[in-house]
file data.pdb (PDB, C-alpha atoms)
ATOM      1  CA  MET A   1     -69.136 -12.649  21.234
ATOM      2  CA  ARG A   2     -70.111 -15.666  23.238
ATOM      3  CA  ASN A   3     -67.763 -18.646  23.391
ATOM      4  CA  SER A   4     -70.291 -20.858  21.592
ATOM      5  CA  THR A   5     -70.068 -18.647  18.508
ATOM      6  CA  LEU A   6     -66.283 -18.901  18.491
ATOM      7  CA  LEU A   7     -66.177 -22.730  18.449
ATOM      8  CA  PRO A   8     -66.871 -23.132  14.702
ATOM      9  CA  LEU A   9     -64.326 -20.437  13.877
ATOM     10  CA  ALA A  10     -61.687 -21.996  16.127
ATOM     11  CA  ALA A  11     -62.303 -25.443  14.628
ATOM     12  CA  ALA A  12     -62.075 -24.109  11.086
ATOM     13  CA  LEU A  13     -58.831 -22.284  11.896
ATOM     14  CA  ALA A  14     -57.343 -25.406  13.491
ATOM     15  CA  LEU A  15     -58.295 -27.515  10.458
ATOM     16  CA  THR A  16     -56.644 -25.055   8.078
ATOM     17  CA  GLY A  17     -53.442 -24.940  10.112
ATOM     18  CA  CYS A  18     -53.763 -21.209  10.702
ATOM     19  CA  THR A  19     -50.658 -19.792  12.351
ATOM     20  CA  GLY A  20     -52.365 -16.923  14.111
ATOM     21  CA  THR A  21     -52.962 -14.514  11.258
ATOM     22  CA  LEU A  22     -56.135 -14.533   9.230
ATOM     23  CA  TRP A  23     -54.411 -13.085   6.165
ATOM     24  CA  ASN A  24     -51.773 -15.791   5.712
ATOM     25  CA  THR A  25     -51.554 -16.221   1.939
ATOM     26  CA  GLU A  26     -49.089 -19.102   1.828
ATOM     27  CA  PRO A  27     -50.619 -22.362   0.549
ATOM     28  CA  ALA A  28     -51.061 -25.207   3.034
ATOM     29  CA  ALA A  29     -48.499 -28.042   2.861
ATOM     30  CA  THR A  30     -51.248 -30.628   2.361
ATOM     31  CA  PRO A  31     -54.658 -30.265   0.740
ATOM     32  CA  ILE A  32     -57.371 -29.419   3.236
ATOM     33  CA  PRO A  33     -60.869 -30.875   2.811
ATOM     34  CA  ALA A  34     -63.585 -28.311   2.271
ATOM     35  CA  VAL A  35     -65.648 -27.670   5.397
ATOM     36  CA  GLU A  36     -68.941 -25.845   5.366
ATOM     37  CA  LEU A  37     -70.105 -24.330   8.649
ATOM     38  CA  THR A  38     -73.715 -24.889   9.571
ATOM     39  CA  PRO A  39     -75.519 -23.003  12.326
ATOM     40  CA  ALA A  40     -76.298 -24.762  15.581
ATOM     41  CA  THR A  41     -79.860 -25.854  16.237
ATOM     42  CA  PRO A  42     -81.616 -22.888  17.861
ATOM     43  CA  VAL A  43     -82.950 -23.364  21.369
ATOM     44  CA  THR A  44     -86.445 -21.952  21.759
ATOM     45  CA  PRO A  45     -87.925 -21.127  25.161
ATOM     46  CA  PRO A  46     -91.243 -22.701  26.190
ATOM     47  CA  THR A  47     -94.191 -20.691  24.885
ATOM     48  CA  ALA A  48     -97.104 -21.509  27.154
ATOM     49  CA  GLU A  49     -97.985 -23.487  30.191
ATOM     50  CA  GLN A  50     -99.410 -26.927  29.648
ATOM     51  CA  PRO A  51    -102.469 -27.921  31.708
ATOM     52  CA  GLY A  52    -101.389 -29.122  35.139
ATOM     53  CA  ARG A  53     -97.755 -28.132  34.581
ATOM     54  CA  GLY A  54     -95.852 -24.923  34.857
ATOM     55  CA  ALA A  55     -93.689 -23.642  32.029
ATOM     56  CA  GLU A  56     -90.305 -25.308  32.419
ATOM     57  CA  PRO A  57     -87.188 -24.764  30.366
ATOM     58  CA  ARG A  58     -86.485 -27.546  27.893
ATOM     59  CA  GLN A  59     -83.780 -29.966  28.884
ATOM     60  CA  GLU A  60     -81.636 -30.447  25.794
ATOM     61  CA  SER A  61     -78.675 -32.726  25.534
ATOM     62  CA  GLN A  62     -75.244 -31.135  25.638
ATOM     63  CA  ALA A  63     -74.501 -32.498  22.150
ATOM     64  CA  SER A  64     -77.492 -30.696  20.634
ATOM     65  CA  LYS A  65     -76.096 -27.360  21.843
ATOM     66  CA  LEU A  66     -72.745 -27.818  20.093
ATOM     67  CA  PRO A  67     -72.272 -26.321  16.638
ATOM     68  CA  SER A  68     -71.627 -28.803  13.878
ATOM     69  CA  LEU A  69     -69.338 -28.861  10.877
ATOM     70  CA  GLN A  70     -70.397 -30.205   7.518
ATOM     71  CA  THR A  71     -67.647 -31.923   5.563
ATOM     72  CA  SER A  72     -67.404 -31.856   1.774
ATOM     73  CA  SER A  73     -68.869 -35.374   1.692
ATOM     74  CA  GLY A  74     -72.029 -34.069   3.373
ATOM     75  CA  GLU A  75     -71.598 -35.772   6.743
ATOM     76  CA  ALA A  76     -72.009 -33.689   9.885
ATOM     77  CA  ALA A  77     -69.331 -33.746  12.575
ATOM     78  CA  LEU A  78     -69.683 -32.164  16.004
ATOM     79  CA  VAL A  79     -66.957 -29.762  17.033
ATOM     80  CA  GLY A  80     -64.870 -31.463  19.707
ATOM     81  CA  ALA A  81     -66.120 -34.961  18.840
ATOM     82  CA  TYR A  82     -64.102 -37.652  17.063
ATOM     83  CA  SER A  83     -64.753 -38.116  13.349
ATOM     84  CA  ASP A  84     -65.697 -41.493  11.939
ATOM     85  CA  TYR A  85     -62.795 -43.897  11.498
ATOM     86  CA  GLN A  86     -61.090 -43.500   8.147
ATOM     87  CA  VAL A  87     -58.386 -45.175   6.083
ATOM     88  CA  LEU A  88     -54.871 -44.028   6.925
ATOM     89  CA  ASP A  89     -53.070 -41.708   4.563
ATOM     90  CA  PRO A  90     -49.291 -41.043   4.600
ATOM     91  CA  GLU A  91     -49.682 -38.055   6.966
ATOM     92  CA  HIS A  92     -51.545 -40.190   9.531
ATOM     93  CA  ARG A  93     -48.826 -42.854   9.325
ATOM     94  CA  ASP A  94     -46.105 -40.220   9.798
ATOM     95  CA  VAL A  95     -47.837 -38.830  12.922
ATOM     96  CA  PHE A  96     -48.133 -42.369  14.360
ATOM     97  CA  THR A  97     -44.508 -43.268  13.575
ATOM     98  CA  ALA A  98     -43.083 -40.042  15.030
ATOM     99  CA  ALA A  99     -45.135 -40.167  18.246
ATOM    100  CA  THR A 100     -44.558 -43.867  18.987
ATOM    101  CA  ARG A 101     -40.828 -43.991  18.196
ATOM    102  CA  GLY A 102     -38.964 -45.460  21.168
ATOM    103  CA  THR A 103     -42.116 -46.794  22.884
ATOM    104  CA  LYS A 104     -43.753 -50.221  23.038
ATOM    105  CA  ALA A 105     -46.444 -48.867  20.683
ATOM    106  CA  GLN A 106     -43.930 -48.566  17.821
ATOM    107  CA  ASN A 107     -44.475 -52.269  17.081
ATOM    108  CA  LEU A 108     -48.235 -51.854  16.628
ATOM    109  CA  ARG A 109     -49.793 -51.683  13.171
ATOM    110  CA  PRO A 110     -52.329 -48.853  12.732
ATOM    111  CA  GLN A 111     -55.422 -49.890  10.747
ATOM    112  CA  SER A 112     -57.663 -46.792  10.850
ATOM    113  CA  VAL A 113     -57.869 -43.390  12.536
ATOM    114  CA  ALA A 114     -60.488 -41.008  13.939
ATOM    115  CA  ILE A 115     -59.628 -37.328  14.450
ATOM    116  CA  GLN A 116     -60.785 -34.846  17.104
ATOM    117  CA  VAL A 117     -60.219 -31.078  16.921
ATOM    118  CA  VAL A 118     -59.254 -29.800  20.395
ATOM    119  CA  ASN A 119     -56.458 -27.259  20.830
ATOM    120  CA  GLY A 120     -54.704 -29.088  18.025
ATOM    121  CA  LEU A 121     -55.655 -32.556  16.855
ATOM    122  CA  ASN A 122     -56.164 -35.815  18.717
ATOM    123  CA  TYR A 123     -55.717 -38.954  16.635
ATOM    124  CA  LYS A 124     -57.340 -42.193  17.854
ATOM    125  CA  TYR A 125     -55.764 -45.092  16.001
ATOM    126  CA  LEU A 126     -57.174 -48.613  15.945
ATOM    127  CA  CYS A 127     -54.132 -50.895  15.839
ATOM    128  CA  THR A 128     -53.262 -54.551  15.890
ATOM    129  CA  SER A 129     -50.268 -56.284  17.413
ATOM    130  CA  GLU A 130     -47.579 -57.673  15.107
ATOM    131  CA  ASP A 131     -49.163 -61.137  15.277
ATOM    132  CA  GLY A 132     -52.640 -59.656  14.611
ATOM    133  CA  ARG A 133     -54.201 -61.258  17.698
ATOM    134  CA  THR A 134     -54.615 -58.210  19.939
ATOM    135  CA  ARG A 135     -56.262 -54.876  19.147
ATOM    136  CA  TYR A 136     -55.309 -51.552  20.690
ATOM    137  CA  ALA A 137     -56.605 -47.977  20.771
ATOM    138  CA  VAL A 138     -53.718 -45.502  20.597
ATOM    139  CA  ILE A 139     -54.325 -41.794  21.201
ATOM    140  CA  ILE A 140     -51.820 -39.208  19.986
ATOM    141  CA  HIS A 141     -52.050 -35.430  20.453
ATOM    142  CA  ARG A 142     -50.703 -33.105  17.768
ATOM    143  CA  PRO A 143     -50.412 -29.511  19.071
ATOM    144  CA  LEU A 144     -51.315 -26.488  16.957
ATOM    145  CA  PRO A 145     -48.629 -25.747  14.347
ATOM    146  CA  HIS A 146     -47.607 -22.364  15.800
ATOM    147  CA  THR A 147     -46.408 -24.020  19.044
ATOM    148  CA  GLY A 148     -43.638 -25.912  17.271
ATOM    149  CA  GLU A 149     -44.140 -28.841  19.667
ATOM    150  CA  PRO A 150     -43.974 -32.426  18.373
ATOM    151  CA  SER A 151     -46.855 -34.887  18.507
ATOM    152  CA  LYS A 152     -46.929 -36.982  21.673
ATOM    153  CA  LEU A 153     -48.325 -40.331  22.698
ATOM    154  CA  ILE A 154     -51.199 -39.927  25.191
ATOM    155  CA  SER A 155     -52.393 -43.503  25.778
ATOM    156  CA  VAL A 156     -52.282 -47.099  24.585
ATOM    157  CA  ASN A 157     -55.223 -49.270  25.639
ATOM    158  CA  GLU A 158     -55.822 -52.914  24.837
ATOM    159  CA  LEU A 159     -59.320 -53.472  23.419
ATOM    160  CA  PRO A 160     -61.461 -56.445  24.430
ATOM    161  CA  ALA A 161     -61.464 -59.424  22.065
ATOM    162  CA  GLU A 162     -64.353 -59.566  19.628
TER     163      GLU A 162
END

call {"tool": "encode", "arguments": {"input": "data.pdb", "output": "structure tokens"}}
result
Amino acid sequence: MRNSTLLPLAAALALTGCTGTLWNTEPAATPIPAVELTPATPVTPPTAEQPGRGAEPRQESQASKLPSLQTSSGEAALVGAYSDYQVLDPEHRDVFTAATRGTKAQNLRPQSVAIQVVNGLNYKYLCTSEDGRTRYAVIIHRPLPHTGEPSKLISVNELPAE
């Protein structure tokens, strides 16, 4: 199999918290949103030469070659891309609290989060300072569950004022 056909499978396994076996029958600790895989847009070769031009391969954007996932709400998300920002749930808050404990970021207040599936999960939090005057983007990486590694703080960047 080519790597491009494995991306949707790998993303689906990461989202379900698979621990390396496909026959794991234990229920997940938290409910998992339904994800429906959709095939990638097929790339068709040029069919004929146009007058005055030779047949050239189509130049397609890298994003159009990536497979996409369809969430239960019907929105498409590219594998490897961040999701839209969403309201924080208790799990998102726990990840933020655990990863920022003992750092300057522990005093920030997360407002929303976007998630990226890449060898685990990357969380991009939009946060405000305690006084609410400054906004920050905080990125936290959560490794795959089978590694047993804790989530770790990747970066804290101040965002420009609006």

call {"tool": "closest_residue", "arguments": {"input": "data.pdb", "among": "A:Phe96, A:Ala81, A:Arg142, A:Lys152", "to": "Cys127 (chain A)", "atoms": "all atoms listed in the file"}}
result
A:Phe96

call {"tool": "residues_around", "arguments": {"input": "data.pdb", "residues": "Tyr123 (chain A)", "least_positions_apart": "4", "cutoff": "6 Å", "atoms": "only C-alpha atoms", "output": "list in words"}}
result
Ala114, Ile115, Ile139 and Ile140 of chain A

call {"tool": "atom_distance", "arguments": {"input": "data.pdb", "atom1": "CA of Ala161 (chain A)", "atom2": "CA of His92 (chain A)"}}
result
25.0 Å

call {"tool": "resolve_selection", "arguments": {"input": "data.pdb", "expression": "the PyMOL selection byres ((chain A and resi 133) around 12)", "output": "list of chain:residue names"}}
result
A:Leu108, A:Arg109, A:Cys127, A:Thr128, A:Ser129, A:Glu130, A:Asp131, A:Gly132, A:Thr134, A:Arg135, A:Tyr136, A:Glu158, A:Leu159, A:Pro160, A:Ala161, A:Glu162

call {"tool": "axis_aligned_box", "arguments": {"input": "data.pdb", "around": "region 133-143 of chain A", "padding_each_side": "8 Å", "output": "AutoDock Vina command-line options"}}
result
--center_x -53.5 --center_y -45.4 --center_z 19.4 --size_x 22.2 --size_y 47.7 --size_z 19.5

call {"tool": "closest_residue", "arguments": {"input": "data.pdb", "among": "A:Ala105, A:Leu121, A:Leu126, A:Ala137", "to": "Gln86 (chain A)", "atoms": "only C-alpha atoms"}}
result
A:Leu126

call {"tool": "residues_around", "arguments": {"input": "data.pdb", "residues": "Pro150 (chain A)", "least_positions_apart": "2", "cutoff": "9 Å", "atoms": "all atoms listed in the file", "output": "number ranges by chain"}}
result
A: 98-99, 141-143, 147-148, 152

call {"tool": "atom_distance", "arguments": {"input": "data.pdb", "atom1": "CA of Gln111 (chain A)", "atom2": "CA of Gly80 (chain A)"}}
result
22.6 Å

call {"tool": "atom_distance", "arguments": {"input": "data.pdb", "atom1": "CA of Tyr82 (chain A)", "atom2": "CA of Ser112 (chain A)"}}
result
12.8 Å

call {"tool": "resolve_selection", "arguments": {"input": "data.pdb", "expression": "the PyMOL selection byres ((chain A and resi 156) around 6)", "output": "PyMOL selection string"}}
result
chain A and resi 137-138+155+157
